[in-house]
There are 6 protein chains.
Amino acid sequence: MFKYIIDEDLELRLISMEDSDEFFNLIDSNRTHLREWLPWVDGTKSVEDTKNFIKSSMNQYGANNGFQAGIWYMDKIVGIIGLHQLSWYHKNTSIGYWLAEGFQGKGIMTKACRAVIEYIFITLGLERVEIRCADKNFKSQAIPERLGFTKEGVCRNVENLYGNYVNHIVYSVLREEWV
Amino acid sequence: MFKYIIDEDLELRLISMEDSDEFFNLIDSNRTHLREWLPWVDGTKSVEDTKNFIKSSMNQYGANNGFQAGIWYMDKIVGIIGLHQLSWYHKNTSIGYWLAEGFQGKGIMTKACRAVIEYIFITLGLERVEIRCADKNFKSQAIPERLGFTKEGVCRNVENLYGNYVNHIVYSVLREEWV
Amino acid sequence: MFKYIIDEDLELRLISMEDSDEFFNLIDSNRTHLREWLPWVDGTKSVEDTKNFIKSSMNQYGANNGFQAGIWYMDKIVGIIGLHQLSWYHKNTSIGYWLAEGFQGKGIMTKACRAVIEYIFITLGLERVEIRCADKNFKSQAIPERLGFTKEGVCRNVENLYGNYVNHIVYSVLREEWV
Amino acid sequence: MFKYIIDEDLELRLISMEDSDEFFNLIDSNRTHLREWLPWVDGTKSVEDTKNFIKSSMNQYGANNGFQAGIWYMDKIVGIIGLHQLSWYHKNTSIGYWLAEGFQGKGIMTKACRAVIEYIFITLGLERVEIRCADKNFKSQAIPERLGFTKEGVCRNVENLYGNYVNHIVYSVLREEWV
Amino acid sequence: MFKYIIDEDLELRLISMEDSDEFFNLIDSNRTHLREWLPWVDGTKSVEDTKNFIKSSMNQYGANNGFQAGIWYMDKIVGIIGLHQLSWYHKNTSIGYWLAEGFQGKGIMTKACRAVIEYIFITLGLERVEIRCADKNFKSQAIPERLGFTKEGVCRNVENLYGNYVNHIVYSVLREEWV
Amino acid sequence: MFKYIIDEDLELRLISMEDSDEFFNLIDSNRTHLREWLPWVDGTKSVEDTKNFIKSSMNQYGANNGFQAGIWYMDKIVGIIGLHQLSWYHKNTSIGYWLAEGFQGKGIMTKACRAVIEYIFITLGLERVEIRCADKNFKSQAIPERLGFTKEGVCRNVENLYGNYVNHIVYSVLREEWV
């Protein structure tokens with residue numbers, strides 16, 4: 001029910017149980033595309049797994065610990081954007097996201113990220129936002145680069161992607177740079 | 001961040017920690033008005049009490065057990081609407097609401113309720129929605145009556161309102177009547 | 001071990017693990033009779049399900065949230081009576097009950113209810129007791145009517161009984177009427 | 001509400017919130033007598049402490065882990081009897097009890113213990129019941145001795161009684177000896 | 001990683017997940033020997049069961065409730081020693097232990113117990129340590145006897161060993177006797 | 001009781017309740033020194049705060065989520081070393097540490113880190129270890145540099161140090177580089 005409207009085609013909807021079928025189908029029809037960079041794809045075998053993800057995302061929101069939102073484009077779910085590791089004390093967080101095949105290159109994720117960052121700095125009042133991308137995931141890197149993030153370094157072998165250890169480029173933007 | 005837009009002046013926002021000050025101030029400046037029918041007003045003494053209410057409302061959402069939303073009119077919070085006693089098994093729920101003084105008589109609550117009922121029947125797929133009003137709270141009763149609810153009966157002495165036991169009129173609307 | 005003696009033939013026993021076999025057998029041999037009005041009968045497939053019910057009933061008691069008691073007639077368990085939705089703040093509760101086939105018409109449930117209501121008003125000091133009966137369950141309605149309850153209204157489609165939505169007649173008696 | 005009737009003067013009542021005042025008053029008017037052998041007396045300063053004890057006793061029952069019952073003599077509470085350390089796997093438990101001043105020497109505790117042991121062997125089906133008494137608490141020792149328990153040994157310095165370490169005599173009776 | 005070194009051949013290591021395979025293999029190759037006196041052997045069917053034991057032992061340590069340690073002899077795990085029923089209030093605890101076949105008669109367990117008792121009296125500051133042995137388990141009894149414990153009595157039928165009820169000899173040593 | 005011996009003067013001891021006084025005194029007599037780089041110093045006002053830290057560290061160990069160990073030099077506690085953010089799935093973790101004034105420059109922390117890294121790679125089998133140091137904390141940086149870590153980048157404004165936001169240099173070493 002609750003959404004953040006970005007423009008007439010694009011909105012974020014707080015993830016919710018009633019979207020589980022549509023959300024699972026999106027993953028199920030994008031397996032090859034998604035598993036290139038996302039470690040949880042093979043573990044998502046049925047709509048029950050998606051429901052468990054939604055349940056834990058609702059718990060995350062319920063614990064005042066950030067959110068996961070569906071990205072809806074022309075009234076269809078096309079991806080997810082959300083917060084990881086929100087620290088109220090150190091006033092920072094990290095954004096994660098993915099988009100289904102065929103929806104890249106339309107500026108969808110750049111707009112979605114911009115909206116979420118606005119919310120993080122203006123509404124939540126945090127000091128720092130991080131985005132981490134695998135060092136060979138050039139499409140993902142294009143987002144923080146387009147949004148003016150600073151590349152801070154490369155964390156080596158930091159993610160287990162189906163048995164291969166992948167490097168992460170760390171990008172960040174500070175409140176004073178954004179506002 | 002997440003809202004449901006009703007019209008250009010009116011929206012519902014999922015209740016959230018960042019609204020605690022504004023929300024407490026609304027209650028604090030409406031004490032006489034609110035305590036006439038709401039049993040929790042005297043127990044809301046500081047913004048900490050409001051934060052605890054928000055925390056438990058976020059937990060309610062996180063447990064997939066309904067929601068509480070702020071009613072925002074011309075970008076100011078003017079009241080609350082939410083679900084009580086959602087039964088997924090029996091497919092019914094109950095709506096509760098209140099509005100600050102000076103905002104009644106503008107159709108705000110009727111529109112807010114209509115939006116929530118839409119959501120309950122269409123998105124959640126429930127079978128029955130209940131509204132309960134104290135039998136002397138005529139302004140509150142006007143809402144379900146305007147929305148075509150059926151008056152089902154009067155539960156006597158069912159609410160402890162600062163030591164006085166108050167009767168509730170029970171109204172309901174069924175899915176088949178609404179859709 | 002702990003019981004409430006009503007007369008020489010009839011007593012209530014706080015529900016307890018050691019009764020699980022006898023209690024499951026009672027349900028198992030009354031399936032057709034019980035499932036006419038009780039939504040949980042089909043889900044009670046083995047003594048394990050009955051043990052889970054007893055466990056949750058013991059938890060209910062342990063949380064000071066009411067009780068479930070077996071109705072024992074001539075030293076055999078013949079039904080259950082218990083409290084739902086006990087509100088210490090609003091000082092009200094609701095009674096639920098059922099009886100095995102062949103034990104109706106002997107005044108057993110009327111006596112059992114009277115004992116429980118006595119306890120609710122005198123010992124617990126509550127203000128209101130509710131009994132809800134399906135609107136076609138005339139045998140169940142006879143109990144509150146015989147005990148002088150007031151019929152307050154009919155809640156429509158409020159119970160999911162194996163896919164059919166059933167109306168509830170709401171009866172209540174107030175402390176001032178009883179004592 | 002729930003009781004076990006021993007004879008016309010004597011009954012056990014499952015401990016319950018509604019008895020908290022009467023139960024606290026009993027302790028409060030027996031402090032000197034009780035603190036001679038009971039380590040928790042000084043920590044019971046107000047009826048709130050008694051309510052916490054009752055709450056934890058109700059939890060014990062709710063977890064199917066034994067019970068605590070008030071001993072009622074001529075309709076007044078005069079003591080407590082209950083189970084400690086119930087092991088369903090090893091099928092044994094231990095009984096604890098105390099009586100207010102002036103009620104000893106009437107056979108009250110012997111009858112209460114006999115009822116509880118009956119319940120442990122017949123209803124619960126356990127194999128062994130233990131009673132432990134401080135080695136200088138001769139009144140307490142009289143109970144297991146009168147009931148035919150076997151004295152198994154003396155555990156030295158096993159209880160902290162306000163800073164003094166007290167020895168426990170261990171008594172037991174086996175199922176095969178009792179039934 | 002964390003160990004207590006007893007001598008150049010012998011050390012205790014706080015039980016830890018990384019030892020699960022080696023620990024399960026020890027049990028698995030000693031089934032006949034161990035099940036003579038230990039009730040949990042038949043329930044330890046796979047390394048998963050051992051992991052659950054380690055998990056609950058780590059929880060025990062995490063709750064400041066004592067520990068379980070592997071006994072390592074010449075760099076191989078040969079048994080377990082740990083605390084049961086630690087009471088901070090009454091300042092006592094009980095030691096449990098077992099050794100694989102072929103490692104008895106070397107003084108291993110006597111040294112291990114002495115180290116643990118030292119820790120209990122000197123570091124934890126308790127008043128009493130108990131060891132309980134089945135009355136026919138003469139090898140186990142040799143440990144407390146060699147360490148100067150006092151035999152306090154025999155608890156009859158106190159342990160369910162695969163359906164047979166076994167007596168326990170209770171031994172103890174007091175702080176004042178040890179230090 | 002459980003320790004890891006590094007050399008005759010230096011050992012790590014798994015943090016434990018019995019060290020709370022000695023550990024609090026160490027912090028209390030090093031406040032000026034420690035608060036330069038550690039955000040929790042001002043919040044540690046009494047031994048109760050230290051006990052809460054120890055309790056949560058024991059919980060961390062009990063949940064198989066890494067450990068915190070006291071660094072003991074010549075039988076006195078002089079600092080802490082421990083793991084943060086252990087991911088069993090991604091097989092990486094992060095080391096944190098501090099040393100009291102007057103104990104720096106003796107190679108203590110370099111040896112302690114080396115021991116912990118050994119344990120992480122050899123015993124736990126992880127793939128990556130991270131150390132993060134404030135960008136002006138040159139003494140801290142000397143440790144990963146001396147141990148051959150790679151400097152991967154600088155995370156800006158990532159730590160709230162009493163209201164100032166501090167940059168972290170991220171260092172790491174990989175399993176393949178270490179072993």
# chains A, B, ... in the order shown; residues from 1 in each chain; ligands from 1

$ interface_residues --of "chain B" --to "chain C" --cutoff "6 Å" --atoms "only C-alpha atoms" --output "list in words"
His90, Glu152, Gly153, Val154, Glu159 and Asn160 of chain B

$ write_last_selection --atoms "all heavy atoms" --output "compact mmCIF listing (two decimals), in the first residue's frame"
# COMPACT_ATOMS: atom_id res chain seq x y z
N HIS B 90 -9.39 -15.97 9.71
CA HIS B 90 -10.81 -15.66 9.55
C HIS B 90 -11.03 -14.52 8.54
O HIS B 90 -12.16 -14.17 8.25
CB HIS B 90 -11.44 -15.33 10.91
CG HIS B 90 -11.46 -16.52 11.82
ND1 HIS B 90 -12.18 -17.65 11.52
CD2 HIS B 90 -10.83 -16.78 12.98
CE1 HIS B 90 -12.01 -18.55 12.48
NE2 HIS B 90 -11.18 -18.05 13.38
N GLU B 152 -24.32 -3.40 13.47
CA GLU B 152 -24.63 -4.78 13.84
C GLU B 152 -25.13 -4.94 15.27
O GLU B 152 -25.74 -5.95 15.60
CB GLU B 152 -23.39 -5.66 13.64
CG GLU B 152 -22.97 -5.76 12.19
CD GLU B 152 -21.78 -6.68 11.99
OE1 GLU B 152 -20.93 -6.78 12.90
OE2 GLU B 152 -21.69 -7.31 10.93
N GLY B 153 -24.80 -3.96 16.13
CA GLY B 153 -25.23 -4.10 17.52
C GLY B 153 -24.45 -3.16 18.42
O GLY B 153 -23.65 -2.35 17.94
N VAL B 154 -24.69 -3.30 19.73
CA VAL B 154 -24.02 -2.45 20.71
C VAL B 154 -23.42 -3.35 21.81
O VAL B 154 -24.17 -4.04 22.50
CB VAL B 154 -25.01 -1.45 21.35
CG1 VAL B 154 -24.27 -0.59 22.39
CG2 VAL B 154 -25.65 -0.58 20.30
N GLU B 159 -15.32 -0.88 27.03
CA GLU B 159 -14.06 -0.13 27.04
C GLU B 159 -13.95 0.67 28.33
O GLU B 159 -14.88 1.37 28.72
CB GLU B 159 -14.03 0.84 25.84
CG GLU B 159 -12.73 1.62 25.80
CD GLU B 159 -12.73 2.70 24.71
OE1 GLU B 159 -13.79 2.93 24.09
OE2 GLU B 159 -11.67 3.30 24.50
N ASN B 160 -12.78 0.56 28.94
CA ASN B 160 -12.47 1.32 30.16
C ASN B 160 -11.89 2.67 29.75
O ASN B 160 -10.74 2.76 29.32
CB ASN B 160 -11.46 0.50 30.99
CG ASN B 160 -11.00 1.23 32.22
OD1 ASN B 160 -11.34 2.38 32.45
ND2 ASN B 160 -10.21 0.54 33.04

$ select_by_dssp --residues "region 25-103 of chain E" --states "alpha helix (DSSP H)" --output "list in words"
Asn25, Leu26, Ile27, Asp28, Arg31, Thr32, His33, Leu34, Arg35, Val47, Glu48, Asp49, Thr50, Lys51, Asn52, Phe53, Ile54, Lys55, Ser56, Ser57, Met58, Asn59, Gln60, Tyr61 and Gly62 of chain E

$ write_last_selection --atoms "N, CA, C and O atoms" --output "tab-separated table (two decimals), in the first residue's frame"
chain	number	residue	atom	x	y	z
E	25	ASN	N	33.75	-38.27	16.02
E	25	ASN	CA	34.45	-39.52	15.74
E	25	ASN	C	34.86	-40.24	17.02
E	25	ASN	O	34.78	-41.47	17.11
E	26	LEU	N	35.28	-39.46	18.02
E	26	LEU	CA	35.64	-40.05	19.31
E	26	LEU	C	34.44	-40.81	19.89
E	26	LEU	O	34.58	-41.95	20.35
E	27	ILE	N	33.27	-40.16	19.87
E	27	ILE	CA	32.06	-40.81	20.40
E	27	ILE	C	31.71	-42.04	19.57
E	27	ILE	O	31.44	-43.12	20.09
E	28	ASP	N	31.76	-41.84	18.26
E	28	ASP	CA	31.31	-42.88	17.34
E	28	ASP	C	32.16	-44.15	17.46
E	28	ASP	O	31.65	-45.27	17.31
E	31	ARG	N	31.24	-46.20	21.15
E	31	ARG	CA	29.83	-46.34	21.53
E	31	ARG	C	29.59	-47.38	22.62
E	31	ARG	O	28.91	-47.12	23.60
E	32	THR	N	30.14	-48.56	22.43
E	32	THR	CA	29.88	-49.63	23.40
E	32	THR	C	30.42	-49.24	24.77
E	32	THR	O	29.74	-49.38	25.79
E	33	HIS	N	31.62	-48.73	24.77
E	33	HIS	CA	32.24	-48.29	26.02
E	33	HIS	C	31.43	-47.18	26.70
E	33	HIS	O	31.15	-47.23	27.90
E	34	LEU	N	31.01	-46.17	25.92
E	34	LEU	CA	30.38	-44.99	26.53
E	34	LEU	C	28.95	-45.26	26.98
E	34	LEU	O	28.50	-44.75	27.99
E	35	ARG	N	28.22	-46.04	26.19
E	35	ARG	CA	26.80	-46.20	26.52
E	35	ARG	C	26.58	-47.02	27.79
E	35	ARG	O	25.48	-47.01	28.33
E	47	VAL	N	27.21	-36.17	13.14
E	47	VAL	CA	27.97	-35.00	13.57
E	47	VAL	C	27.04	-33.82	13.86
E	47	VAL	O	27.37	-32.95	14.67
E	48	GLU	N	25.85	-33.80	13.25
E	48	GLU	CA	24.87	-32.75	13.57
E	48	GLU	C	24.49	-32.78	15.05
E	48	GLU	O	24.32	-31.73	15.67
E	49	ASP	N	24.31	-33.97	15.61
E	49	ASP	CA	23.98	-34.09	17.03
E	49	ASP	C	25.10	-33.54	17.90
E	49	ASP	O	24.87	-32.87	18.90
E	50	THR	N	26.34	-33.84	17.50
E	50	THR	CA	27.48	-33.31	18.24
E	50	THR	C	27.54	-31.80	18.12
E	50	THR	O	27.81	-31.10	19.10
E	51	LYS	N	27.25	-31.27	16.93
E	51	LYS	CA	27.21	-29.80	16.77
E	51	LYS	C	26.14	-29.18	17.67
E	51	LYS	O	26.36	-28.11	18.24
E	52	ASN	N	25.01	-29.83	17.80
E	52	ASN	CA	23.98	-29.30	18.71
E	52	ASN	C	24.45	-29.31	20.15
E	52	ASN	O	24.18	-28.37	20.90
E	53	PHE	N	25.16	-30.38	20.53
E	53	PHE	CA	25.72	-30.40	21.89
E	53	PHE	C	26.71	-29.25	22.07
E	53	PHE	O	26.69	-28.55	23.08
E	54	ILE	N	27.58	-29.06	21.09
E	54	ILE	CA	28.58	-27.98	21.20
E	54	ILE	C	27.87	-26.63	21.27
E	54	ILE	O	28.22	-25.77	22.08
E	55	LYS	N	26.85	-26.45	20.43
E	55	LYS	CA	26.10	-25.21	20.43
E	55	LYS	C	25.52	-24.94	21.82
E	55	LYS	O	25.63	-23.84	22.36
E	56	SER	N	24.92	-25.97	22.43
E	56	SER	CA	24.31	-25.73	23.74
E	56	SER	C	25.39	-25.53	24.80
E	56	SER	O	25.19	-24.78	25.76
E	57	SER	N	26.56	-26.15	24.62
E	57	SER	CA	27.66	-25.92	25.56
E	57	SER	C	28.20	-24.50	25.42
E	57	SER	O	28.56	-23.87	26.42
E	58	MET	N	28.27	-23.99	24.19
E	58	MET	CA	28.73	-22.61	24.00
E	58	MET	C	27.69	-21.64	24.59
E	58	MET	O	28.07	-20.64	25.21
E	59	ASN	N	26.42	-21.94	24.43
E	59	ASN	CA	25.36	-21.14	25.07
E	59	ASN	C	25.52	-21.14	26.58
E	59	ASN	O	25.34	-20.11	27.23
E	60	GLN	N	25.82	-22.31	27.14
E	60	GLN	CA	26.03	-22.41	28.59
E	60	GLN	C	27.14	-21.47	29.02
E	60	GLN	O	26.98	-20.69	29.96
E	61	TYR	N	28.26	-21.50	28.30
E	61	TYR	CA	29.37	-20.59	28.62
E	61	TYR	C	28.92	-19.14	28.42
E	61	TYR	O	29.17	-18.28	29.27
E	62	GLY	N	28.23	-18.87	27.29
E	62	GLY	CA	27.80	-17.50	26.97
E	62	GLY	C	26.85	-16.94	28.02
E	62	GLY	O	26.76	-15.73	28.21

$ atom_distance --atom1 "CA of Trp98 (chain E)" --atom2 "CA of Arg13 (chain E)"
14.7 Å

$ select_by_dssp --residues "region 7-170 of chain C" --states "strand (DSSP E)" --output "MDAnalysis selection string"
chainID C and resid 10:14 68:73 76:87 92:99 128:134 150:161 164:170

$ residues_around --residues "Val179 (chain B)" --least-positions-apart "2" --cutoff "8 Å" --atoms "only C-alpha atoms" --output "PyMOL selection string"
chain B and resi 121-122+175-177

$ write_last_selection --atoms "N, CA, C and O atoms" --output "short mmCIF file (atom, residue, chain, number, x, y, z; two decimals), in the first residue's frame"
data_model
loop_
_atom_site.label_atom_id
_atom_site.label_comp_id
_atom_site.auth_asym_id
_atom_site.auth_seq_id
_atom_site.Cartn_x
_atom_site.Cartn_y
_atom_site.Cartn_z
N PHE B 121 -9.75 -4.90 1.25
CA PHE B 121 -10.51 -5.83 0.40
C PHE B 121 -9.74 -6.21 -0.86
O PHE B 121 -9.71 -7.38 -1.24
N ILE B 122 -9.14 -5.22 -1.52
CA ILE B 122 -8.51 -5.50 -2.83
C ILE B 122 -7.12 -6.12 -2.66
O ILE B 122 -6.82 -7.16 -3.23
N ARG B 175 -16.88 -7.74 2.16
CA ARG B 175 -16.23 -7.69 0.85
C ARG B 175 -17.26 -7.63 -0.28
O ARG B 175 -17.14 -6.81 -1.19
N GLU B 176 -18.29 -8.48 -0.19
CA GLU B 176 -19.29 -8.55 -1.27
C GLU B 176 -20.12 -7.27 -1.35
O GLU B 176 -20.69 -6.95 -2.39
N GLU B 177 -20.20 -6.53 -0.25
CA GLU B 177 -20.95 -5.26 -0.27
C GLU B 177 -20.11 -4.12 -0.82
O GLU B 177 -20.64 -3.13 -1.30
#

$ residues_around --residues "region 101-110 of chain E" --least-positions-apart "4" --cutoff "7 Å" --atoms "only C-alpha atoms" --output "PyMOL selection string"
chain E and resi 30+33+114+143

$ write_last_selection --atoms "N, CA and C atoms" --output "PDB file, in the first residue's frame"
ATOM      1  N   ASN E  30      33.566 -45.139  20.201  1.00  0.00           N
ATOM      2  CA  ASN E  30      33.564 -45.591  21.589  1.00  0.00           C
ATOM      3  C   ASN E  30      32.163 -45.925  22.086  1.00  0.00           C
ATOM      4  N   HIS E  33      31.619 -48.728  24.767  1.00  0.00           N
ATOM      5  CA  HIS E  33      32.243 -48.294  26.020  1.00  0.00           C
ATOM      6  C   HIS E  33      31.427 -47.181  26.705  1.00  0.00           C
ATOM      7  N   ARG E 114      41.274 -32.123  39.025  1.00  0.00           N
ATOM      8  CA  ARG E 114      41.980 -31.264  39.972  1.00  0.00           C
ATOM      9  C   ARG E 114      42.069 -29.841  39.411  1.00  0.00           C
ATOM     10  N   ILE E 143      37.841 -41.499  40.883  1.00  0.00           N
ATOM     11  CA  ILE E 143      38.312 -40.106  40.765  1.00  0.00           C
ATOM     12  C   ILE E 143      38.030 -39.313  42.046  1.00  0.00           C
TER      13      ILE E 143
END

$ atom_distance --atom1 "CA of Lys111 (chain D)" --atom2 "CA of Asp42 (chain D)"
28.5 Å

$ residues_around --residues "region 77-80 of chain C" --least-positions-apart "4" --cutoff "7 Å" --atoms "only C-alpha atoms" --output "JSON, numbers by chain"
{"C": [23, 68, 69, 70, 71, 72, 73, 97, 98, 99, 100]}

$ closest_residue --among "A:Gln141, A:Asn64, A:Thr123, A:Ser94" --to "Glu18 (chain B)" --atoms "only C-alpha atoms"
A:Thr123
